[in-house]
Amino acid sequence: MLNEEILHRCFRCGYCKMPSNYIDLNCPSYLAFRFETYSPGGRMWLLRAWLDGKIPLSKRFSEIMFSCTACGNCTEHCPFPGFKDLLLEAFTAARGAFLDAGRVPAGVRDYLTRMQLHGNPYGMPAKKRADWAVGMEISPFTGQEYLFFAGDEGSYDTRGQEIARSAAKLLAKAGISFGILTGGENSDGNDVRASGETALFEELAKKNTDLFNKNNVKKIITLSPHGFNAFKKFYPGLGGNYQVFNYTQVLAFNMGKLKFRENPDQVQITFHDSCYLGCHNMDYYSPRVILSAVPGLKMAEMDRNKQNALCCGGGGGNLFTDILSSGNESPARSRVREAKATGATIIAVSCPLCAIMLEDAVKTEGLADVLRVMELSEIINDRIM
Amino acid sequence: MNEFIRQLAEITGPGFVSAEPEERYLYSMDQGTMPPVEPDAVVMPGNTEEVRQIILCANKHKVPVVPMGGGLVLSGLTRALHGGIILDMKRMNRILQVNPKSRYAVVEGGASEGMLQAYLKKHHPELKHSMPDAPPIATLAGNICIHGSGHLSVLGGFHSDMLTGMEVVLPTGDIVRSGSCSVSPDWFARAPLPDLSGLFMGWSGTTGVVTKLGIRLFPSYSHNDMLIFVCEDADLMPDIISRLTGTQVAEDMTPWMTPKPEWARGFLHINISYGAHSKKELTFKRNLLQASVKKYSDQKIAGFLPMPPSEKSRFLKIPSPDLVKFADLRKGGGFEYVGAIMAIEHFAEAYRAGLQIARAYNVSYSMGARIIGAGHAMMFFYAYAFNRADPEDINRAQHALEATNTAALEIGGIPWKSELPAQKQIINKMDPNTFDLMNRIRSVLDPNHIMNPGNWEK
């Protein structure tokens with residue numbers, strides 16, 4: 001197994017469970033389940049024990065491994081420079097080994113099967129991928145400066161489609177030249193890779209790069225930070241060399257082109273960092289630059305923010321596999337309570353997965369009357385002329 | 001056992017009980033050298049009432065109960081030596097109350113050191129508590145119950161000295177309070193009542209489960225500084241420590257001796273941290289500290305190490321993640337230490353014994369101490385790193401630890417949070433009447449002998 005030589009080096013000191021200010025727990029699966037086994041250190045020791053033949057590869061062990069959202073809190077806060085950067089890669093490799101052994105939770109199996117059969121986690125036909133843009137004046141990609149990639153959630157999820165439309169509308173208003181592909185794209189595969197199914201990821205990536213290269217794509221704007229991460233970090237090694245941006249990064253430089261209405265409502269908001277724009281790619285500022293340029297917004301940061309932000313629990317395929325969503329201490333529910341505590345009435349997000357996860361949590365927590373989840377572009381669209 | 005586990009699941013909800021191989025494996029050991037012993041199950045209570053019900057249920061089924069906080073004690077105290085359940089307390093992690101004027105906090109039994117530190121920084125920046133050098137996930141209750149010490153121990157003594165009261169579920173399931181909170185709504189002190197808190201500190205979880213506790217808080221200064229005093233002669237250390245603590249201005253004082261980095265080899269360093277409300281006060285305190293050891297500086301046989309501010313900030317970070325990095329010294333994720341509580345006049349003996357043992361067992365070592373109170377005692381530690389993947393290396397560290405325990409006892413010290421073999425060594429040296437009293441107290445508190453059995457036994 002890749003990186004197995006680091007497993008026994010973990011001391012299980014527990015820094016990986018917390019943010020750097022120690023205000024609360026910050027590992028999503030440990031927060032939800034609380035057994036030491038669900039912490040990054042617990043996983044390291046269990047994997048070592050499994051490879052040494054001390055424990056079997058059980059259903060529970062598999063759930064422990066796949067409940068990791070790959071948020072990166074552990075790599076961010078592990079104090080051991082000798083191996084901290086390899087933690088997530090070790091977990092990914094372990095999940096791959098579990099897949100090879102045919103020991104994965106049913107939800108993960110179904111998620112990956114849909115990805116394999118349909119190229120997306122919704123089991124929807126590829127030809128419907130651009131349906132989100134129906135009725136909008138968005139041109140097919142014919143060599144514009146950017147390809148706009150709406151991703152799985154933006155293409156197929158009802159809430160994600162709203163966000164895709166909102167972001168695309170805003171980019172157009174800001175004068176960005178972009179087009180979309182109208183069929184044949186596949187999932188960016190970011191969370192498939194995190195699930196350990198590297199062969200499937202490479203297959204998805206190859207199909208996408210073939211399509212992008214055929215269309216002479218040079219620059220990509222992604223709606224989702226997950227796609228941004230995959231295109232930026234993993235596609236170059238698979239023949240996909242593009243200039244890749246999350247849409248917030250493009251928008252941050254074009255906020256001056258937007259005209260805001262006068263006398264806007266004064267609203268207190270808080271911002272939830274997405275793991276794949278934030279922790280994995282260390283861009284904590286594009287969304288904040290955008291929000292700071294919007295009149296009428298008063299920002300109240302949560303205790304866990306930027307490199308200390310708590311994951312919504314949707315990463316690593318968990319949005320679809322649902323291993324982490326239940327219980328009072330699910331990361332999404334914990335996160336919306338934290339947002340509520342700031343006094344904000346809006347949680348701003350920059351990722352469609354986060355929007356879906358946190359909206360469900362707001363309802364479950366009974367906060368729908370006092371707290372609204374809004375994607376950045378929706379906040380701006382509400383306030384521009 | 002199945003029926004017992006089913007009943008536990010009714011108490012806490014099924015999500016917080018596990019008898020699965022994964023939990024049984026992981027909770028069978030800690031990071032130290034003690035061999036694993038699997039529990040039958042792990043249970044995580046969410047409140048005092050659940051703890052009470054679990055204890056009643058364990059009594060009914062005569063099942064051992066091992067309370068666990070952060071699980072970072074390193075000496076294997078939270079292993080289920082006779083089977084039974086591990087009671088992982090970390091779900092009970094709320095900060096219940098902070099009294100800023102009387103300077104105390106009340107927390108649940110699984111609240112972590114890091115969370116209290118963060119809570120105070122956010123809500124009461126004028127206050128702080130004494131953080132141990134343990135990672136921030138370590139629990140306050142666990143650390144107090146083992147007589148831990150930390151960054152305010154020169155000021156306030158052992159962390160058990162800073163305890164103001166407790167709520168405890170006894171081994172019989174009764175809930176009792178000790179200290180002022182047993183009489184008053186306030187948790188300000190253990191005095192003037194019979195000090196029942198002593199029934200639960202230092203007993204390695206054999207007398208009850210702490211579900212709430214009060215802890216003293218101290219002023220948090222706006223100006224903080226540290227000095228490092230260095231000498232080459234271990235025999236001078238008791239007098240130097242006595243002089244420095246005599247100024248009564250330091251918050252923390254930690255001698256350290258290590259062969260790496262090279263520039264540190266052979267020298268004895270004392271980190272001295274102190275704080276003040278103003279620059280003027282800080283300068284005054286620094287002058288007092290420097291004047292106290294002027295005798296040695298003037299003779300040029302010891303002196304203060306010049307330190308750039310950037311270096312100082314590393315030492316002032318509390319807790320310091322640098323400390324756990326020692327566990328990776330052998331690239332093997334393991335270290336354990338003997339922390340022996342002893343009088344400061346034994347410093348030189350303790351240091352020489354450590355050097356001898358490290359040489360004899362060819363182990364990577366780090367030695368140091370934390371001064372307790374105004375030089376009233378010290379926790380002298382000998383830390384040994386080992387590679388968990390190398391049984392020979394573990395064995396070597398184990399033998400070095402055993403030899404260190406023996407040496408510490410011979411010097412007149414007492415191994416702290418002692419692992420099982422060291423407990424037996426201590427008992428052998430202990431006044432028989434003291435040990436007899438311990439047993440009589442335990443048999444009254446725990447008639448079914450369910451609490452962490454195997455510890456403090458001959």
# chains A, B, ... in the order shown; residues from 1 in each chain; ligands from 1
>>> interface_residues(of="chain A", to="chain B", cutoff="8 Å", atoms="only C-alpha atoms", output="list in words")
His8, Arg9, Cys10, Phe11, Arg12, Cys13, Gly14, Tyr15, Lys17, Met18, Asn21, Tyr22, Ile23, Asp24, Phe33, Arg34, Phe35, Glu36, Thr37, Gly42, Trp45, Leu46, Ile55, Pro56, Arg60, Phe61, Pro79 and Phe80 of chain A
>>> residues_around(residues="B:Arg6", least_positions_apart="2", cutoff="12 Å", atoms="only C-alpha atoms", output="mmCIF file with N, CA and C atoms, in the first residue's frame")
data_model
loop_
_atom_site.group_PDB
_atom_site.id
_atom_site.type_symbol
_atom_site.label_atom_id
_atom_site.label_comp_id
_atom_site.auth_asym_id
_atom_site.auth_seq_id
_atom_site.Cartn_x
_atom_site.Cartn_y
_atom_site.Cartn_z
ATOM 1 N N MET B 1 -21.813 -10.890 28.715
ATOM 2 C CA MET B 1 -21.256 -9.610 28.240
ATOM 3 C C MET B 1 -22.162 -8.956 27.195
ATOM 4 N N ASN B 2 -22.762 -9.792 26.329
ATOM 5 C CA ASN B 2 -23.637 -9.232 25.292
ATOM 6 C C ASN B 2 -24.800 -8.463 25.891
ATOM 7 N N GLU B 3 -25.394 -9.040 26.944
ATOM 8 C CA GLU B 3 -26.521 -8.380 27.602
ATOM 9 C C GLU B 3 -26.059 -7.061 28.228
ATOM 10 N N PHE B 4 -24.870 -7.084 28.818
ATOM 11 C CA PHE B 4 -24.306 -5.874 29.421
ATOM 12 C C PHE B 4 -24.120 -4.793 28.348
ATOM 13 N N LEU B 8 -25.731 -1.066 27.956
ATOM 14 C CA LEU B 8 -24.949 0.168 27.770
ATOM 15 C C LEU B 8 -25.496 0.980 26.608
ATOM 16 N N ALA B 9 -25.840 0.274 25.537
ATOM 17 C CA ALA B 9 -26.367 0.959 24.350
ATOM 18 C C ALA B 9 -27.699 1.638 24.662
ATOM 19 N N GLU B 10 -28.457 1.058 25.582
ATOM 20 C CA GLU B 10 -29.708 1.711 25.984
ATOM 21 C C GLU B 10 -29.423 2.993 26.756
ATOM 22 N N ILE B 11 -28.341 2.996 27.487
ATOM 23 C CA ILE B 11 -27.999 4.180 28.301
ATOM 24 C C ILE B 11 -27.487 5.324 27.425
ATOM 25 N N THR B 12 -26.539 5.038 26.560
ATOM 26 C CA THR B 12 -25.879 6.126 25.810
ATOM 27 C C THR B 12 -26.419 6.288 24.391
ATOM 28 N N GLY B 13 -27.202 5.335 23.934
ATOM 29 C CA GLY B 13 -27.539 5.265 22.512
ATOM 30 C C GLY B 13 -26.521 4.359 21.840
ATOM 31 N N PRO B 14 -26.950 3.593 20.840
ATOM 32 C CA PRO B 14 -26.059 2.582 20.257
ATOM 33 C C PRO B 14 -24.823 3.153 19.576
ATOM 34 N N GLY B 15 -24.895 4.398 19.142
ATOM 35 C CA GLY B 15 -23.747 4.988 18.433
ATOM 36 C C GLY B 15 -22.549 5.236 19.327
ATOM 37 N N PHE B 16 -22.739 5.167 20.633
ATOM 38 C CA PHE B 16 -21.637 5.506 21.534
ATOM 39 C C PHE B 16 -21.146 4.312 22.349
ATOM 40 N N VAL B 17 -21.461 3.124 21.873
ATOM 41 C CA VAL B 17 -20.932 1.896 22.473
ATOM 42 C C VAL B 17 -20.376 1.044 21.340
ATOM 43 N N SER B 18 -19.229 0.466 21.562
ATOM 44 C CA SER B 18 -18.693 -0.436 20.548
ATOM 45 C C SER B 18 -17.944 -1.598 21.193
ATOM 46 N N ALA B 19 -18.264 -2.767 20.699
ATOM 47 C CA ALA B 19 -17.481 -3.953 21.081
ATOM 48 C C ALA B 19 -16.823 -4.526 19.831
ATOM 49 N N ALA B 41 -15.340 -3.678 25.580
ATOM 50 C CA ALA B 41 -16.112 -2.667 24.845
ATOM 51 C C ALA B 41 -15.605 -1.283 25.215
ATOM 52 N N VAL B 43 -17.237 2.662 25.747
ATOM 53 C CA VAL B 43 -18.504 3.400 25.851
ATOM 54 C C VAL B 43 -18.195 4.866 26.104
ATOM 55 N N ILE B 54 -24.130 3.781 33.828
ATOM 56 C CA ILE B 54 -23.110 2.816 33.348
ATOM 57 C C ILE B 54 -22.443 2.136 34.546
ATOM 58 N N CYS B 57 -24.755 -0.323 36.146
ATOM 59 C CA CYS B 57 -24.855 -1.501 35.275
ATOM 60 C C CYS B 57 -23.594 -2.372 35.406
#
>>> select_by_dssp(residues="stretch 122-328 of chain A", states="strand (DSSP E)", output="list in words")
Tyr146, Leu147, Phe148, Phe149, Phe178, Gly179, Lys219, Ile220, Ile221, Thr222, Gln243, Val244, Phe245, Asn246, Val267, Gln268, Ile269, Thr270, Phe271, His272, Leu297, Lys298 and Met299 of chain A
>>> closest_residue(among="A:Asp110, A:Asp100, A:Glu262, A:Asp382", to="A:Gly196", atoms="only C-alpha atoms")
A:Asp100
>>> residues_around(residues="B:Asp252", least_positions_apart="3", cutoff="6 Å", atoms="only C-alpha atoms", output="PDB file with C-alpha atoms, in the first residue's frame")
ATOM      1  CA  HIS B 151       3.013  26.421  32.498  1.00  0.00           C
ATOM      2  CA  LEU B 152       1.908  28.073  35.726  1.00  0.00           C
ATOM      3  CA  SER B 153       3.265  25.488  38.121  1.00  0.00           C
ATOM      4  CA  VAL B 154       5.881  27.729  39.690  1.00  0.00           C
ATOM      5  CA  ILE B 272      12.145  30.803  32.817  1.00  0.00           C
ATOM      6  CA  SER B 273       8.903  32.392  31.654  1.00  0.00           C
TER       7      SER B 273
END
>>> residues_around(residues="stretch 64-67 of chain B", least_positions_apart="4", cutoff="6 Å", atoms="only C-alpha atoms", output="list in words")
Gly84, Ile85, Ile86, Leu87, Ile450, Met451 and Asn452 of chain B
>>> select_by_dssp(residues="stretch 83-275 of chain A", states="alpha helix (DSSP H)", output="PyMOL selection string")
chain A and resi 87-100+106-118+151-156+158-173+190-194+198-214+225-229+247-252
>>> write_last_selection(atoms="C-alpha atoms", output="short mmCIF file (atom, residue, chain, number, x, y, z; two decimals), in the first residue's frame")
data_model
loop_
_atom_site.label_atom_id
_atom_site.label_comp_id
_atom_site.auth_asym_id
_atom_site.auth_seq_id
_atom_site.Cartn_x
_atom_site.Cartn_y
_atom_site.Cartn_z
CA LEU A 87 -1.54 11.51 5.54
CA LEU A 88 -4.37 11.97 3.07
CA GLU A 89 -2.51 10.12 0.36
CA ALA A 90 -2.09 7.20 2.76
CA PHE A 91 -5.83 7.19 3.49
CA THR A 92 -6.62 7.38 -0.22
CA ALA A 93 -4.31 4.45 -0.88
CA ALA A 94 -5.98 2.49 1.93
CA ARG A 95 -9.41 3.13 0.46
CA GLY A 96 -8.05 1.89 -2.84
CA ALA A 97 -6.87 -1.28 -1.13
CA PHE A 98 -10.31 -1.73 0.45
CA LEU A 99 -11.89 -1.32 -2.98
CA ASP A 100 -9.54 -3.92 -4.39
CA ALA A 106 -22.86 0.04 0.13
CA GLY A 107 -23.22 3.79 -0.35
CA VAL A 108 -19.68 4.06 -1.65
CA ARG A 109 -20.18 1.09 -3.96
CA ASP A 110 -23.34 2.64 -5.42
CA TYR A 111 -21.69 6.05 -5.77
CA LEU A 112 -18.74 4.63 -7.67
CA THR A 113 -20.97 2.40 -9.80
CA ARG A 114 -22.99 5.42 -10.93
CA MET A 115 -19.77 7.24 -11.68
CA GLN A 116 -18.52 4.33 -13.73
CA LEU A 117 -21.75 3.80 -15.64
CA HIS A 118 -22.84 7.38 -16.15
CA GLY A 151 -19.44 20.07 -12.45
CA ASP A 152 -21.74 17.33 -11.24
CA GLU A 153 -23.71 19.29 -8.67
CA GLY A 154 -24.03 22.36 -10.90
CA SER A 155 -25.23 20.20 -13.76
CA TYR A 156 -27.64 17.79 -12.09
CA THR A 158 -31.57 21.17 -8.39
CA ARG A 159 -29.85 23.44 -5.86
CA GLY A 160 -26.54 23.14 -7.65
CA GLN A 161 -28.18 24.16 -10.91
CA GLU A 162 -29.48 27.35 -9.27
CA ILE A 163 -25.96 28.13 -8.16
CA ALA A 164 -24.51 27.38 -11.60
CA ARG A 165 -27.02 29.71 -13.21
CA SER A 166 -26.31 32.41 -10.64
CA ALA A 167 -22.53 32.19 -11.05
CA ALA A 168 -22.71 32.12 -14.85
CA LYS A 169 -25.03 35.10 -14.89
CA LEU A 170 -22.62 37.05 -12.73
CA LEU A 171 -19.58 36.16 -14.82
CA ALA A 172 -21.44 37.35 -17.88
CA LYS A 173 -22.35 40.61 -16.13
CA ASN A 190 -11.97 14.74 -7.66
CA ASP A 191 -13.94 12.83 -5.04
CA VAL A 192 -13.63 9.57 -6.93
CA ARG A 193 -9.90 9.96 -6.56
CA ALA A 194 -10.28 10.73 -2.85
CA THR A 198 -7.72 5.95 -8.99
CA ALA A 199 -8.32 3.88 -12.12
CA LEU A 200 -11.82 5.27 -12.48
CA PHE A 201 -10.52 8.76 -11.78
CA GLU A 202 -7.96 8.41 -14.53
CA GLU A 203 -10.63 7.13 -16.90
CA LEU A 204 -12.87 10.12 -16.15
CA ALA A 205 -9.93 12.50 -16.44
CA LYS A 206 -8.87 11.00 -19.76
CA LYS A 207 -12.35 11.42 -21.22
CA ASN A 208 -12.45 15.02 -20.05
CA THR A 209 -8.98 15.91 -21.25
CA ASP A 210 -9.68 14.33 -24.65
CA LEU A 211 -12.80 16.44 -24.92
CA PHE A 212 -11.14 19.61 -23.66
CA ASN A 213 -8.14 19.15 -25.92
CA LYS A 214 -10.37 18.45 -28.90
CA PRO A 225 -13.71 24.02 -5.78
CA HIS A 226 -13.59 20.21 -6.05
CA GLY A 227 -13.25 20.42 -9.83
CA PHE A 228 -10.76 23.23 -9.44
CA ASN A 229 -8.61 20.99 -7.26
CA TYR A 247 -14.99 31.22 -10.51
CA THR A 248 -14.50 33.22 -7.30
CA GLN A 249 -10.88 33.83 -8.26
CA VAL A 250 -11.90 35.31 -11.60
CA LEU A 251 -14.71 37.28 -10.06
CA ALA A 252 -12.51 38.71 -7.32
#
>>> residues_around(residues="stretch 396-405 of chain B", least_positions_apart="2", cutoff="7 Å", atoms="only C-alpha atoms", output="list in words")
Thr33, Val338, Ile357, Tyr361, Val363, Tyr384, Phe386, Glu392, Asp393, Ile394, Ala407, Ala408, Leu409, Pro415 and Ala422 of chain B
>>> write_last_selection(atoms="C-alpha atoms", output="PDB file, in the first residue's frame")
ATOM      1  CA  THR B  33       5.647   0.807  25.881  1.00  0.00           C
ATOM      2  CA  VAL B 338       9.537   8.638  33.604  1.00  0.00           C
ATOM      3  CA  ILE B 357      20.945   4.785  31.866  1.00  0.00           C
ATOM      4  CA  TYR B 361      20.638   1.022  27.134  1.00  0.00           C
ATOM      5  CA  VAL B 363      18.488   4.932  23.962  1.00  0.00           C
ATOM      6  CA  TYR B 384      12.991   7.912  25.625  1.00  0.00           C
ATOM      7  CA  PHE B 386      11.451   4.422  20.323  1.00  0.00           C
ATOM      8  CA  GLU B 392      13.849  -4.546  19.918  1.00  0.00           C
ATOM      9  CA  ASP B 393      13.695  -0.789  20.190  1.00  0.00           C
ATOM     10  CA  ILE B 394      10.544  -0.949  22.312  1.00  0.00           C
ATOM     11  CA  ALA B 407      17.007   5.008  40.021  1.00  0.00           C
ATOM     12  CA  ALA B 408      14.354   7.631  40.772  1.00  0.00           C
ATOM     13  CA  LEU B 409      13.128   5.684  43.795  1.00  0.00           C
ATOM     14  CA  PRO B 415       7.669   7.974  39.617  1.00  0.00           C
ATOM     15  CA  ALA B 422       6.534   1.142  38.684  1.00  0.00           C
TER      16      ALA B 422
END
>>> residues_around(residues="A:Ile347", least_positions_apart="3", cutoff="7 Å", atoms="only C-alpha atoms", output="list in words")
Ile269, Thr270, Phe271, His272, Ala339, Arg372, Val373 and Met374 of chain A
>>> residues_around(residues="B:Asn287", least_positions_apart="5", cutoff="12 Å", atoms="only C-alpha atoms", output="PyMOL selection string")
chain B and resi 227+244+247+249-250+274+280-282+292-294
>>> atom_distance(atom1="atom CA of B:Phe435", atom2="atom CA of B:Met68")
24.2 Å
>>> closest_residue(among="A:Met299, A:Leu147, A:Ala133, A:Cys311", to="A:Val244", atoms="only C-alpha atoms")
A:Leu147
>>> decode(residues="stretch 389-442 of chain B", atoms="C-alpha atoms", output="PDB file, in the first residue's frame")
ATOM      1  CA  ALA B 389       7.657  -0.907  14.419  1.00  0.00           C
ATOM      2  CA  ASP B 390      10.809  -2.297  16.017  1.00  0.00           C
ATOM      3  CA  PRO B 391      10.175  -4.688  18.949  1.00  0.00           C
ATOM      4  CA  GLU B 392      13.849  -4.546  19.918  1.00  0.00           C
ATOM      5  CA  ASP B 393      13.695  -0.789  20.190  1.00  0.00           C
ATOM      6  CA  ILE B 394      10.544  -0.949  22.312  1.00  0.00           C
ATOM      7  CA  ASN B 395      12.190  -3.513  24.526  1.00  0.00           C
ATOM      8  CA  ARG B 396      15.233  -1.296  24.965  1.00  0.00           C
ATOM      9  CA  ALA B 397      13.078   1.675  25.910  1.00  0.00           C
ATOM     10  CA  GLN B 398      11.092  -0.490  28.339  1.00  0.00           C
ATOM     11  CA  HIS B 399      14.244  -1.586  30.128  1.00  0.00           C
ATOM     12  CA  ALA B 400      15.553   1.963  30.255  1.00  0.00           C
ATOM     13  CA  LEU B 401      12.257   3.078  31.799  1.00  0.00           C
ATOM     14  CA  GLU B 402      12.397   0.330  34.408  1.00  0.00           C
ATOM     15  CA  ALA B 403      15.964   1.247  35.294  1.00  0.00           C
ATOM     16  CA  THR B 404      14.942   4.895  35.506  1.00  0.00           C
ATOM     17  CA  ASN B 405      12.084   4.126  37.863  1.00  0.00           C
ATOM     18  CA  THR B 406      14.466   2.198  40.086  1.00  0.00           C
ATOM     19  CA  ALA B 407      17.007   5.008  40.021  1.00  0.00           C
ATOM     20  CA  ALA B 408      14.354   7.631  40.772  1.00  0.00           C
ATOM     21  CA  LEU B 409      13.128   5.684  43.795  1.00  0.00           C
ATOM     22  CA  GLU B 410      16.696   5.182  45.030  1.00  0.00           C
ATOM     23  CA  ILE B 411      17.358   8.903  44.781  1.00  0.00           C
ATOM     24  CA  GLY B 412      14.281   9.582  46.885  1.00  0.00           C
ATOM     25  CA  GLY B 413      11.890  10.486  44.121  1.00  0.00           C
ATOM     26  CA  ILE B 414       8.558   8.927  43.197  1.00  0.00           C
ATOM     27  CA  PRO B 415       7.669   7.974  39.617  1.00  0.00           C
ATOM     28  CA  TRP B 416       4.710  10.015  38.431  1.00  0.00           C
ATOM     29  CA  LYS B 417       1.640   8.491  36.712  1.00  0.00           C
ATOM     30  CA  SER B 418       3.533   5.298  37.110  1.00  0.00           C
ATOM     31  CA  GLU B 419       3.017   2.325  34.842  1.00  0.00           C
ATOM     32  CA  LEU B 420       2.130  -1.028  36.394  1.00  0.00           C
ATOM     33  CA  PRO B 421       5.683  -2.238  37.158  1.00  0.00           C
ATOM     34  CA  ALA B 422       6.534   1.142  38.684  1.00  0.00           C
ATOM     35  CA  GLN B 423       3.393   1.064  40.829  1.00  0.00           C
ATOM     36  CA  LYS B 424       4.594  -2.215  42.272  1.00  0.00           C
ATOM     37  CA  GLN B 425       8.039  -0.748  42.913  1.00  0.00           C
ATOM     38  CA  ILE B 426       6.439   2.189  44.720  1.00  0.00           C
ATOM     39  CA  ILE B 427       4.214  -0.095  46.802  1.00  0.00           C
ATOM     40  CA  ASN B 428       7.260  -2.112  47.836  1.00  0.00           C
ATOM     41  CA  LYS B 429       8.895   1.046  49.135  1.00  0.00           C
ATOM     42  CA  MET B 430       5.753   2.520  50.637  1.00  0.00           C
ATOM     43  CA  ASP B 431       4.966   2.532  54.361  1.00  0.00           C
ATOM     44  CA  PRO B 432       2.833  -0.648  54.717  1.00  0.00           C
ATOM     45  CA  ASN B 433       0.282   1.234  56.790  1.00  0.00           C
ATOM     46  CA  THR B 434      -0.166   3.731  53.971  1.00  0.00           C
ATOM     47  CA  PHE B 435      -0.778   0.968  51.461  1.00  0.00           C
ATOM     48  CA  ASP B 436      -3.129  -0.757  53.888  1.00  0.00           C
ATOM     49  CA  LEU B 437      -5.115   2.472  54.252  1.00  0.00           C
ATOM     50  CA  MET B 438      -5.302   2.797  50.461  1.00  0.00           C
ATOM     51  CA  ASN B 439      -6.763  -0.686  50.234  1.00  0.00           C
ATOM     52  CA  ARG B 440      -9.258  -0.060  53.032  1.00  0.00           C
ATOM     53  CA  ILE B 441     -10.429   3.151  51.382  1.00  0.00           C
ATOM     54  CA  ARG B 442     -10.791   1.381  48.054  1.00  0.00           C
TER      55      ARG B 442
END
